[in-house]
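Notes for the one structure printed next.
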Amino acid sequence: NNMIKYIGGNLSRMEKYQQQMATGKKISLPSDDPIIAARALRFRTDVSEIEQYKRNAEDASSWIEITEAAMEEVNSILQRARELAVQGSNGTQTPDDMQKIAEEIKQLQKQIIQVANSTYAGRQIFSGFKTDKKLMNDDGTFAISVSNSEGINYEIGVGDNININVLGGDLFNGGNDAVAGQKGKLIQDMENLVTALEAGDVNEISQSIGKMDENINNLLRIRADIGARTNRLDLTINRLQSDYLNFTKLMSINEDADMAETIMNLKNEENVYRASLAGGARIIQTTLVDFLK
């Protein structure tokens, strides 16, 4: 009985190291080492949270990049509209020239409406919480009402949220809320410019230049805020990547078996087990003839 007991114990120790080699882990059950198991759960939870925060930050960064691209297009449109307004205000244009300028302004206005309905991953980026509905109708009126309090926040850390969206009213209505059925300041200013060009009203065209400057300044204000958010996201993503590497390393140190040490221990236990088998074979003879002797 003692021989069987000790041989079984030797076999169990050898199987322990065989299992460590097969799995690459120090333990397979919490009962193997409760302290390591508790640390493993804590580290795995931390790594899982960091991975989710990193995905959130990357998604937020992509949303802001799309928004920045849309605002860059709006800026180009406004700059072109201002150039045309200056061109129309110099008093040297013929009625035919004024009409051509007005037609180009109309096309720029249509392009702004398209930009206002820009999407990211199937979601409207300027529609506040109503990401399934477009911001503007084809005639330039707001299709929905959007309050400037409808900020979409992403959680990018423990207690760390960041606003990712630009609201349609803030961008296209001079910082005011968007109201369904009404035209925003930007669209209305362009329509007034078209009317002035078609009527040949040089004074009204000159006043439109100042309104375009207001819209451009409003756009620059929003872009400055977007730039600050982009920088913050870049720093956050870098920090999360560093945290992920650090916690993954700690998790590996806590859980992973040292293969060189495991192989050495396995060979030692294997030698002990073989020796115990050989000793047992000599103690208990295996044939009836040996017993009769």
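Numbering starts fresh at 1 for the residues of each chain in the structure tokens, the chains themselves are lettered A, B, ... in the order given, and ligands are numbered from 1 as they appear.
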
Residues of region 110-131 of chain A that have any atom at most 9 Å from an atom of region 67-90 of chain A: could you tabulate them with the shortest-distance atom pair and the distance in Å to one decimal, using only C-alpha atoms, ordered by chain and increasing number, as CSV?
residue,atom,partner,partner_atom,distance
A:Gln111,CA,A:Ile77,CA,8.0
A:Ile112,CA,A:Val74,CA,6.4
A:Val115,CA,A:Ala70,CA,6.1
A:Ala116,CA,A:Ala70,CA,8.1
A:Ser118,CA,A:Ala70,CA,7.3
A:Thr119,CA,A:Thr67,CA,8.9
A:Tyr120,CA,A:Thr67,CA,8.6
A:Ile125,CA,A:Thr67,CA,6.9
A:Phe126,CA,A:Thr67,CA,8.4

Can I get the selected residues back with N, CA and C atoms, as a PDB file, in the first residue's frame?
ATOM      1  N   GLN A 111     -23.948  71.588 -52.603  1.00  0.00           N
ATOM      2  CA  GLN A 111     -22.865  70.772 -52.054  1.00  0.00           C
ATOM      3  C   GLN A 111     -22.832  70.844 -50.538  1.00  0.00           C
ATOM      4  N   ILE A 112     -23.132  72.012 -49.974  1.00  0.00           N
ATOM      5  CA  ILE A 112     -23.185  72.142 -48.514  1.00  0.00           C
ATOM      6  C   ILE A 112     -24.273  71.240 -47.940  1.00  0.00           C
ATOM      7  N   VAL A 115     -22.930  67.803 -47.781  1.00  0.00           N
ATOM      8  CA  VAL A 115     -21.974  67.654 -46.684  1.00  0.00           C
ATOM      9  C   VAL A 115     -22.706  67.583 -45.349  1.00  0.00           C
ATOM     10  N   ALA A 116     -23.776  68.361 -45.200  1.00  0.00           N
ATOM     11  CA  ALA A 116     -24.543  68.366 -43.951  1.00  0.00           C
ATOM     12  C   ALA A 116     -25.141  67.000 -43.652  1.00  0.00           C
ATOM     13  N   SER A 118     -23.583  64.118 -44.230  1.00  0.00           N
ATOM     14  CA  SER A 118     -22.475  63.152 -44.230  1.00  0.00           C
ATOM     15  C   SER A 118     -22.711  62.077 -43.171  1.00  0.00           C
ATOM     16  N   THR A 119     -22.207  60.873 -43.456  1.00  0.00           N
ATOM     17  CA  THR A 119     -22.404  59.757 -42.524  1.00  0.00           C
ATOM     18  C   THR A 119     -21.071  59.087 -42.200  1.00  0.00           C
ATOM     19  N   TYR A 120     -21.073  58.405 -41.059  1.00  0.00           N
ATOM     20  CA  TYR A 120     -19.954  57.548 -40.669  1.00  0.00           C
ATOM     21  C   TYR A 120     -20.530  56.219 -40.213  1.00  0.00           C
ATOM     22  N   ILE A 125     -23.537  62.258 -38.986  1.00  0.00           N
ATOM     23  CA  ILE A 125     -22.571  62.815 -38.040  1.00  0.00           C
ATOM     24  C   ILE A 125     -22.978  64.189 -37.486  1.00  0.00           C
ATOM     25  N   PHE A 126     -23.930  64.880 -38.146  1.00  0.00           N
ATOM     26  CA  PHE A 126     -24.327  66.209 -37.681  1.00  0.00           C
ATOM     27  C   PHE A 126     -25.738  66.239 -37.094  1.00  0.00           C
TER      28      PHE A 126
END

- [ ] Identify, on the basis of only C-alpha atoms, every residue whose closest approach to Leu135 (chain A) does not exceed 7 Å; exclude the query and any residue fewer than 5 positions from it along the same chain; express the result as a list in words.
- [x] Ala116, Asn117, Phe126, Ser127, Phe142, Ala143, Ile144 and Gly168 of chain A

- [ ] Excluding region 147-157 of chain A and residues on its chain fewer than 3 positions from it, collect all residues at most 8 Å away from it, counting only C-alpha atoms, and give them as a ChimeraX atom specification.
- [x] /A:50,53-54,56-57,60,128-129,160-167,169-170,176-178,236

Put those residues in a file: N, CA and C atoms, as a PDB file, in the first residue's frame.
ATOM      1  N   ILE A  50      -9.109  47.660 -20.905  1.00  0.00           N
ATOM      2  CA  ILE A  50      -8.219  48.484 -21.737  1.00  0.00           C
ATOM      3  C   ILE A  50      -8.510  48.255 -23.211  1.00  0.00           C
ATOM      4  N   TYR A  53     -11.715  50.150 -24.039  1.00  0.00           N
ATOM      5  CA  TYR A  53     -11.471  51.594 -24.091  1.00  0.00           C
ATOM      6  C   TYR A  53     -10.691  51.970 -25.361  1.00  0.00           C
ATOM      7  N   LYS A  54      -9.758  51.107 -25.741  1.00  0.00           N
ATOM      8  CA  LYS A  54      -8.974  51.378 -26.949  1.00  0.00           C
ATOM      9  C   LYS A  54      -9.858  51.327 -28.194  1.00  0.00           C
ATOM     10  N   ASN A  56     -13.057  51.962 -28.231  1.00  0.00           N
ATOM     11  CA  ASN A  56     -13.879  53.165 -28.167  1.00  0.00           C
ATOM     12  C   ASN A  56     -13.109  54.385 -28.674  1.00  0.00           C
ATOM     13  N   ALA A  57     -11.873  54.521 -28.231  1.00  0.00           N
ATOM     14  CA  ALA A  57     -11.062  55.677 -28.623  1.00  0.00           C
ATOM     15  C   ALA A  57     -10.783  55.668 -30.128  1.00  0.00           C
ATOM     16  N   ALA A  60     -13.977  56.647 -31.895  1.00  0.00           N
ATOM     17  CA  ALA A  60     -14.166  58.088 -31.735  1.00  0.00           C
ATOM     18  C   ALA A  60     -13.231  58.861 -32.659  1.00  0.00           C
ATOM     19  N   GLY A 128     -26.943  65.027 -34.192  1.00  0.00           N
ATOM     20  CA  GLY A 128     -27.086  64.858 -32.762  1.00  0.00           C
ATOM     21  C   GLY A 128     -27.396  63.415 -32.397  1.00  0.00           C
ATOM     22  N   PHE A 129     -28.382  63.236 -31.505  1.00  0.00           N
ATOM     23  CA  PHE A 129     -28.758  61.890 -31.091  1.00  0.00           C
ATOM     24  C   PHE A 129     -29.500  61.132 -32.196  1.00  0.00           C
ATOM     25  N   ASP A 160     -13.614  58.744 -17.797  1.00  0.00           N
ATOM     26  CA  ASP A 160     -13.064  59.657 -18.810  1.00  0.00           C
ATOM     27  C   ASP A 160     -13.906  59.559 -20.074  1.00  0.00           C
ATOM     28  N   ASN A 161     -14.703  60.601 -20.335  1.00  0.00           N
ATOM     29  CA  ASN A 161     -15.564  60.647 -21.519  1.00  0.00           C
ATOM     30  C   ASN A 161     -15.110  61.766 -22.446  1.00  0.00           C
ATOM     31  N   ILE A 162     -15.379  61.591 -23.741  1.00  0.00           N
ATOM     32  CA  ILE A 162     -15.048  62.635 -24.711  1.00  0.00           C
ATOM     33  C   ILE A 162     -16.195  62.808 -25.688  1.00  0.00           C
ATOM     34  N   ASN A 163     -16.529  64.057 -25.969  1.00  0.00           N
ATOM     35  CA  ASN A 163     -17.578  64.361 -26.943  1.00  0.00           C
ATOM     36  C   ASN A 163     -17.006  64.217 -28.353  1.00  0.00           C
ATOM     37  N   ILE A 164     -17.723  63.494 -29.215  1.00  0.00           N
ATOM     38  CA  ILE A 164     -17.156  63.203 -30.534  1.00  0.00           C
ATOM     39  C   ILE A 164     -17.868  63.907 -31.690  1.00  0.00           C
ATOM     40  N   ASN A 165     -19.071  64.438 -31.464  1.00  0.00           N
ATOM     41  CA  ASN A 165     -19.836  64.936 -32.606  1.00  0.00           C
ATOM     42  C   ASN A 165     -19.873  66.458 -32.653  1.00  0.00           C
ATOM     43  N   VAL A 166     -20.086  66.972 -33.863  1.00  0.00           N
ATOM     44  CA  VAL A 166     -20.364  68.392 -34.087  1.00  0.00           C
ATOM     45  C   VAL A 166     -21.840  68.481 -34.443  1.00  0.00           C
ATOM     46  N   LEU A 167     -22.548  69.395 -33.815  1.00  0.00           N
ATOM     47  CA  LEU A 167     -23.998  69.499 -34.011  1.00  0.00           C
ATOM     48  C   LEU A 167     -24.324  70.381 -35.201  1.00  0.00           C
ATOM     49  N   GLY A 169     -26.728  72.430 -35.923  1.00  0.00           N
ATOM     50  CA  GLY A 169     -27.055  73.828 -35.703  1.00  0.00           C
ATOM     51  C   GLY A 169     -25.824  74.661 -35.404  1.00  0.00           C
ATOM     52  N   ASP A 170     -24.911  74.094 -34.646  1.00  0.00           N
ATOM     53  CA  ASP A 170     -23.689  74.813 -34.296  1.00  0.00           C
ATOM     54  C   ASP A 170     -22.884  75.168 -35.533  1.00  0.00           C
ATOM     55  N   ASN A 176     -26.477  78.315 -33.221  1.00  0.00           N
ATOM     56  CA  ASN A 176     -27.804  78.149 -32.643  1.00  0.00           C
ATOM     57  C   ASN A 176     -28.343  76.743 -32.902  1.00  0.00           C
ATOM     58  N   ASP A 177     -29.417  76.392 -32.192  1.00  0.00           N
ATOM     59  CA  ASP A 177     -30.038  75.085 -32.410  1.00  0.00           C
ATOM     60  C   ASP A 177     -30.602  74.997 -33.824  1.00  0.00           C
ATOM     61  N   ALA A 178     -30.624  73.786 -34.349  1.00  0.00           N
ATOM     62  CA  ALA A 178     -31.282  73.535 -35.635  1.00  0.00           C
ATOM     63  C   ALA A 178     -32.762  73.290 -35.373  1.00  0.00           C
ATOM     64  N   THR A 236      -4.587  59.638 -25.710  1.00  0.00           N
ATOM     65  CA  THR A 236      -5.285  58.565 -24.996  1.00  0.00           C
ATOM     66  C   THR A 236      -5.001  57.211 -25.623  1.00  0.00           C
TER      67      THR A 236
END

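Taking only C-alpha atoms into account, Asp139 (chain A) lies nearest to A:Ile187 out of the set A:Leu235, A:Val158, A:Ile187, A:Ala37.
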
With the cut-off set at 10 Å and counting only C-alpha atoms, tabulate each residue of region 202-271 of chain A with an atom at most that distance from an atom of region 275-281 of chain A, showing the nearest atom pair and its distance in Å to one decimal, ordered by chain and increasing number, as JSON lines.
{"residue": "A:Glu269", "atom": "CA", "partner": "A:Ala275", "partner_atom": "CA", "distance": 9.7}
{"residue": "A:Glu270", "atom": "CA", "partner": "A:Ala275", "partner_atom": "CA", "distance": 8.5}
{"residue": "A:Asn271", "atom": "CA", "partner": "A:Ala275", "partner_atom": "CA", "distance": 6.1}

Could you take the residues named above and write them with N, CA, C and O atoms, as an mmCIF file, in the first residue's frame?
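Contents of the output file again.cif:
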data_model
loop_
_atom_site.group_PDB
_atom_site.id
_atom_site.type_symbol
_atom_site.label_atom_id
_atom_site.label_comp_id
_atom_site.auth_asym_id
_atom_site.auth_seq_id
_atom_site.Cartn_x
_atom_site.Cartn_y
_atom_site.Cartn_z
ATOM 1 N N GLU A 269 11.126 14.771 -12.007
ATOM 2 C CA GLU A 269 9.997 13.961 -11.536
ATOM 3 C C GLU A 269 9.857 12.672 -12.338
ATOM 4 O O GLU A 269 9.459 11.638 -11.812
ATOM 5 N N GLU A 270 10.204 12.733 -13.622
ATOM 6 C CA GLU A 270 10.147 11.524 -14.449
ATOM 7 C C GLU A 270 11.178 10.498 -13.967
ATOM 8 O O GLU A 270 10.884 9.289 -13.881
ATOM 9 N N ASN A 271 12.379 10.972 -13.622
ATOM 10 C CA ASN A 271 13.417 10.068 -13.101
ATOM 11 C C ASN A 271 12.985 9.448 -11.770
ATOM 12 O O ASN A 271 13.185 8.258 -11.519
#

TODO: Rank A:Asn2, A:Gln99, A:Ser48, A:Gln20 by their smallest atom-to-atom distance to Tyr244 (chain A), using only C-alpha atoms, and report the top residue only.
DONE: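 Among the listed residues, A:Ser48 lies closest to Tyr244 (chain A).
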
Task: Selection near Leu245 (chain A), 12 Å with only C-alpha atoms, sequence-local residues under 3 positions removed, as a PyMOL selection string - done: chain A and resi 43+46-47+50-51+238-242+248-252

Can you write just those residues out, all heavy atoms, as a compact mmCIF listing (two decimals), in the first residue's frame?
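What follows is the written file part.txt:
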# COMPACT_ATOMS: atom_id res chain seq x y z
N PHE A 43 -5.98 40.74 -13.51
CA PHE A 43 -5.24 41.20 -14.68
C PHE A 43 -6.06 41.03 -15.96
O PHE A 43 -6.06 41.90 -16.85
CB PHE A 43 -3.92 40.45 -14.81
CG PHE A 43 -2.86 40.89 -13.83
CD1 PHE A 43 -2.04 39.96 -13.20
CD2 PHE A 43 -2.67 42.23 -13.54
CE1 PHE A 43 -1.08 40.35 -12.29
CE2 PHE A 43 -1.71 42.63 -12.63
CZ PHE A 43 -0.91 41.69 -12.00
N ASP A 46 -8.56 43.79 -16.17
CA ASP A 46 -7.91 45.05 -16.56
C ASP A 46 -7.59 45.08 -18.04
O ASP A 46 -7.84 46.09 -18.73
CB ASP A 46 -6.62 45.24 -15.75
CG ASP A 46 -6.90 45.51 -14.27
OD1 ASP A 46 -8.02 45.94 -13.96
OD2 ASP A 46 -5.99 45.26 -13.44
N VAL A 47 -7.06 43.99 -18.57
CA VAL A 47 -6.72 43.93 -20.00
C VAL A 47 -7.96 44.04 -20.86
O VAL A 47 -7.98 44.74 -21.89
CB VAL A 47 -5.94 42.63 -20.31
CG1 VAL A 47 -5.81 42.43 -21.82
CG2 VAL A 47 -4.56 42.67 -19.67
N ILE A 50 -9.11 47.66 -20.90
CA ILE A 50 -8.22 48.48 -21.74
C ILE A 50 -8.51 48.26 -23.21
O ILE A 50 -8.55 49.21 -24.02
CB ILE A 50 -6.75 48.18 -21.41
CG1 ILE A 50 -6.40 48.69 -20.01
CG2 ILE A 50 -5.81 48.81 -22.44
CD1 ILE A 50 -5.04 48.24 -19.51
N GLU A 51 -8.73 47.00 -23.60
CA GLU A 51 -9.05 46.70 -25.00
C GLU A 51 -10.33 47.40 -25.44
O GLU A 51 -10.41 47.94 -26.54
CB GLU A 51 -9.18 45.19 -25.19
CG GLU A 51 -7.85 44.44 -25.14
CD GLU A 51 -8.04 42.95 -25.28
OE1 GLU A 51 -9.12 42.43 -24.89
OE2 GLU A 51 -7.11 42.27 -25.76
N ASN A 238 -2.39 56.33 -27.37
CA ASN A 238 -1.00 55.95 -27.06
C ASN A 238 -0.88 55.44 -25.62
O ASN A 238 -0.17 54.45 -25.36
CB ASN A 238 -0.09 57.16 -27.26
CG ASN A 238 0.08 57.54 -28.71
OD1 ASN A 238 -0.09 56.69 -29.60
ND2 ASN A 238 0.40 58.78 -28.99
N ARG A 239 -1.57 56.10 -24.69
CA ARG A 239 -1.51 55.65 -23.30
C ARG A 239 -2.16 54.28 -23.14
O ARG A 239 -1.63 53.41 -22.43
CB ARG A 239 -2.22 56.67 -22.40
CG ARG A 239 -2.31 56.24 -20.94
CD ARG A 239 -2.99 57.29 -20.08
NE ARG A 239 -4.32 57.61 -20.56
CZ ARG A 239 -5.41 56.87 -20.32
NH1 ARG A 239 -5.30 55.74 -19.64
NH2 ARG A 239 -6.58 57.25 -20.76
N LEU A 240 -3.29 54.08 -23.79
CA LEU A 240 -3.98 52.78 -23.70
C LEU A 240 -3.14 51.66 -24.30
O LEU A 240 -3.11 50.54 -23.78
CB LEU A 240 -5.34 52.86 -24.40
CG LEU A 240 -6.42 53.69 -23.69
CD1 LEU A 240 -7.64 53.85 -24.58
CD2 LEU A 240 -6.80 53.04 -22.36
N GLN A 241 -2.43 51.96 -25.40
CA GLN A 241 -1.56 50.96 -26.00
C GLN A 241 -0.44 50.59 -25.05
O GLN A 241 -0.09 49.40 -24.89
CB GLN A 241 -0.99 51.50 -27.32
CG GLN A 241 -0.10 50.52 -28.07
CD GLN A 241 -0.83 49.27 -28.52
OE1 GLN A 241 -2.02 49.32 -28.84
NE2 GLN A 241 -0.15 48.14 -28.55
N SER A 242 0.13 51.60 -24.39
CA SER A 242 1.19 51.34 -23.41
C SER A 242 0.65 50.54 -22.23
O SER A 242 1.29 49.59 -21.77
CB SER A 242 1.78 52.67 -22.93
OG SER A 242 2.77 52.46 -21.94
N THR A 248 -0.51 43.21 -20.14
CA THR A 248 -0.34 41.91 -20.77
C THR A 248 0.94 41.24 -20.28
O THR A 248 0.97 40.02 -20.03
CB THR A 248 -0.29 42.05 -22.30
OG1 THR A 248 -1.50 42.66 -22.76
CG2 THR A 248 -0.15 40.69 -22.97
N LYS A 249 1.99 42.04 -20.11
CA LYS A 249 3.25 41.51 -19.58
C LYS A 249 3.07 41.01 -18.16
O LYS A 249 3.54 39.91 -17.80
CB LYS A 249 4.32 42.59 -19.64
CG LYS A 249 5.68 42.14 -19.12
CD LYS A 249 6.70 43.27 -19.20
CE LYS A 249 8.05 42.83 -18.64
NZ LYS A 249 9.03 43.94 -18.70
N LEU A 250 2.38 41.80 -17.33
CA LEU A 250 2.13 41.38 -15.94
C LEU A 250 1.29 40.11 -15.90
O LEU A 250 1.53 39.21 -15.08
CB LEU A 250 1.43 42.50 -15.17
CG LEU A 250 2.26 43.75 -14.88
CD1 LEU A 250 1.39 44.84 -14.27
CD2 LEU A 250 3.42 43.42 -13.95
N MET A 251 0.30 40.02 -16.77
CA MET A 251 -0.54 38.84 -16.83
C MET A 251 0.27 37.61 -17.23
O MET A 251 0.10 36.53 -16.67
CB MET A 251 -1.68 39.06 -17.83
CG MET A 251 -2.71 37.95 -17.88
SD MET A 251 -4.15 38.39 -18.91
CE MET A 251 -3.37 38.47 -20.53
N SER A 252 1.20 37.80 -18.18
CA SER A 252 2.04 36.69 -18.61
C SER A 252 2.98 36.24 -17.49
O SER A 252 3.16 35.04 -17.26
CB SER A 252 2.86 37.11 -19.83
OG SER A 252 3.76 36.10 -20.21

For Lys267 (chain A): contacts at 10 Å, only C-alpha atoms, fewer than 6 positions along chain excluded, given as an mmCIF file with all heavy atoms, in the first residue's frame:
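Contents of the output file result.cif:
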data_model
loop_
_atom_site.group_PDB
_atom_site.id
_atom_site.type_symbol
_atom_site.label_atom_id
_atom_site.label_comp_id
_atom_site.auth_asym_id
_atom_site.auth_seq_id
_atom_site.Cartn_x
_atom_site.Cartn_y
_atom_site.Cartn_z
ATOM 1 N N MET A 14 4.602 14.394 -11.633
ATOM 2 C CA MET A 14 5.068 14.401 -13.013
ATOM 3 C C MET A 14 3.977 14.912 -13.953
ATOM 4 O O MET A 14 4.235 15.696 -14.871
ATOM 5 C CB MET A 14 5.501 12.992 -13.425
ATOM 6 C CG MET A 14 6.114 12.937 -14.832
ATOM 7 S SD MET A 14 6.680 11.283 -15.289
ATOM 8 C CE MET A 14 5.090 10.468 -15.508
ATOM 9 N N TYR A 17 3.676 18.774 -14.092
ATOM 10 C CA TYR A 17 4.598 19.467 -14.994
ATOM 11 C C TYR A 17 4.296 19.157 -16.457
ATOM 12 O O TYR A 17 4.528 20.004 -17.332
ATOM 13 C CB TYR A 17 6.041 19.107 -14.633
ATOM 14 C CG TYR A 17 6.459 19.646 -13.287
ATOM 15 C CD1 TYR A 17 6.741 18.789 -12.219
ATOM 16 C CD2 TYR A 17 6.553 21.014 -13.075
ATOM 17 C CE1 TYR A 17 7.104 19.285 -10.975
ATOM 18 C CE2 TYR A 17 6.920 21.521 -11.827
ATOM 19 C CZ TYR A 17 7.188 20.647 -10.790
ATOM 20 O OH TYR A 17 7.538 21.156 -9.562
ATOM 21 N N GLN A 18 3.782 17.968 -16.739
ATOM 22 C CA GLN A 18 3.359 17.664 -18.106
ATOM 23 C C GLN A 18 2.223 18.604 -18.534
ATOM 24 O O GLN A 18 2.192 19.081 -19.665
ATOM 25 C CB GLN A 18 2.916 16.206 -18.205
ATOM 26 C CG GLN A 18 4.067 15.205 -18.194
ATOM 27 C CD GLN A 18 3.580 13.764 -18.216
ATOM 28 O OE1 GLN A 18 2.477 13.471 -17.750
ATOM 29 N NE2 GLN A 18 4.403 12.868 -18.739
ATOM 30 N N TYR A 273 9.922 9.014 -10.743
ATOM 31 C CA TYR A 273 8.813 8.084 -11.004
ATOM 32 C C TYR A 273 9.347 6.758 -11.550
ATOM 33 O O TYR A 273 8.927 5.674 -11.114
ATOM 34 C CB TYR A 273 7.831 8.723 -11.985
ATOM 35 C CG TYR A 273 6.675 7.828 -12.373
ATOM 36 C CD1 TYR A 273 5.754 7.381 -11.425
ATOM 37 C CD2 TYR A 273 6.517 7.418 -13.690
ATOM 38 C CE1 TYR A 273 4.704 6.558 -11.781
ATOM 39 C CE2 TYR A 273 5.467 6.586 -14.054
ATOM 40 C CZ TYR A 273 4.562 6.157 -13.099
ATOM 41 O OH TYR A 273 3.513 5.328 -13.458
#

TODO: Looking only at strand (DSSP E) from DSSP on the backbone, list the matching residues of region 55-250 of chain A as a list in words.
DONE: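 Matching residues for strand (DSSP E) in region 55-250 of chain A are Thr119, Tyr120, Arg123, Gln124, Asn153, Tyr154, Glu155, Ile156, Gly157, Asp160, Asn161, Ile162 and Asn163 of chain A.
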
Would you mind exporting N, CA, C and O atoms of the selected residues as a PDB file, in the first residue's frame?
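Output file selection.pdb is given in full below:
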ATOM      1  N   THR A 119     -22.207  60.873 -43.456  1.00  0.00           N
ATOM      2  CA  THR A 119     -22.404  59.757 -42.524  1.00  0.00           C
ATOM      3  C   THR A 119     -21.071  59.087 -42.200  1.00  0.00           C
ATOM      4  O   THR A 119     -20.100  59.200 -42.945  1.00  0.00           O
ATOM      5  N   TYR A 120     -21.073  58.405 -41.059  1.00  0.00           N
ATOM      6  CA  TYR A 120     -19.954  57.548 -40.669  1.00  0.00           C
ATOM      7  C   TYR A 120     -20.530  56.219 -40.213  1.00  0.00           C
ATOM      8  O   TYR A 120     -21.324  56.172 -39.265  1.00  0.00           O
ATOM      9  N   ARG A 123     -24.168  56.235 -39.831  1.00  0.00           N
ATOM     10  CA  ARG A 123     -24.741  57.164 -38.856  1.00  0.00           C
ATOM     11  C   ARG A 123     -24.507  58.605 -39.308  1.00  0.00           C
ATOM     12  O   ARG A 123     -23.406  58.962 -39.720  1.00  0.00           O
ATOM     13  N   GLN A 124     -25.536  59.426 -39.220  1.00  0.00           N
ATOM     14  CA  GLN A 124     -25.427  60.834 -39.570  1.00  0.00           C
ATOM     15  C   GLN A 124     -24.554  61.540 -38.534  1.00  0.00           C
ATOM     16  O   GLN A 124     -24.799  61.442 -37.325  1.00  0.00           O
ATOM     17  N   ASN A 153     -21.127  61.150 -26.340  1.00  0.00           N
ATOM     18  CA  ASN A 153     -19.896  60.925 -25.583  1.00  0.00           C
ATOM     19  C   ASN A 153     -19.453  59.474 -25.666  1.00  0.00           C
ATOM     20  O   ASN A 153     -20.293  58.567 -25.607  1.00  0.00           O
ATOM     21  N   TYR A 154     -18.156  59.279 -25.803  1.00  0.00           N
ATOM     22  CA  TYR A 154     -17.558  57.946 -25.768  1.00  0.00           C
ATOM     23  C   TYR A 154     -16.729  57.824 -24.494  1.00  0.00           C
ATOM     24  O   TYR A 154     -16.008  58.761 -24.126  1.00  0.00           O
ATOM     25  N   GLU A 155     -16.832  56.667 -23.845  1.00  0.00           N
ATOM     26  CA  GLU A 155     -16.015  56.416 -22.652  1.00  0.00           C
ATOM     27  C   GLU A 155     -14.676  55.841 -23.092  1.00  0.00           C
ATOM     28  O   GLU A 155     -14.609  54.771 -23.679  1.00  0.00           O
ATOM     29  N   ILE A 156     -13.613  56.564 -22.811  1.00  0.00           N
ATOM     30  CA  ILE A 156     -12.282  56.150 -23.251  1.00  0.00           C
ATOM     31  C   ILE A 156     -11.359  55.865 -22.072  1.00  0.00           C
ATOM     32  O   ILE A 156     -10.150  55.711 -22.242  1.00  0.00           O
ATOM     33  N   GLY A 157     -11.934  55.799 -20.887  1.00  0.00           N
ATOM     34  CA  GLY A 157     -11.167  55.492 -19.685  1.00  0.00           C
ATOM     35  C   GLY A 157     -12.106  55.486 -18.494  1.00  0.00           C
ATOM     36  O   GLY A 157     -13.294  55.817 -18.615  1.00  0.00           O
ATOM     37  N   ASP A 160     -13.614  58.744 -17.797  1.00  0.00           N
ATOM     38  CA  ASP A 160     -13.064  59.657 -18.810  1.00  0.00           C
ATOM     39  C   ASP A 160     -13.906  59.559 -20.074  1.00  0.00           C
ATOM     40  O   ASP A 160     -13.848  58.563 -20.800  1.00  0.00           O
ATOM     41  N   ASN A 161     -14.703  60.601 -20.335  1.00  0.00           N
ATOM     42  CA  ASN A 161     -15.564  60.647 -21.519  1.00  0.00           C
ATOM     43  C   ASN A 161     -15.110  61.766 -22.446  1.00  0.00           C
ATOM     44  O   ASN A 161     -14.556  62.772 -21.995  1.00  0.00           O
ATOM     45  N   ILE A 162     -15.379  61.591 -23.741  1.00  0.00           N
ATOM     46  CA  ILE A 162     -15.048  62.635 -24.711  1.00  0.00           C
ATOM     47  C   ILE A 162     -16.195  62.808 -25.688  1.00  0.00           C
ATOM     48  O   ILE A 162     -16.801  61.821 -26.127  1.00  0.00           O
ATOM     49  N   ASN A 163     -16.529  64.057 -25.969  1.00  0.00           N
ATOM     50  CA  ASN A 163     -17.578  64.361 -26.943  1.00  0.00           C
ATOM     51  C   ASN A 163     -17.006  64.217 -28.353  1.00  0.00           C
ATOM     52  O   ASN A 163     -15.938  64.742 -28.651  1.00  0.00           O
TER      53      ASN A 163
END

Open item on the list: With only C-alpha atoms as the counted atoms, please give the residues lying no more than 12 Å from Ile35 (chain A), apart from itself and same-chain residues fewer than 5 positions off, as number ranges by chain.
Closed with: A: 26-27, 29-30, 40-42, 254-255

Task: Which of A:Val272, A:Ile209, A:Ala196, A:Met136 sits closest to Ile113 (chain A) [using only C-alpha atoms] - done: A:Met136
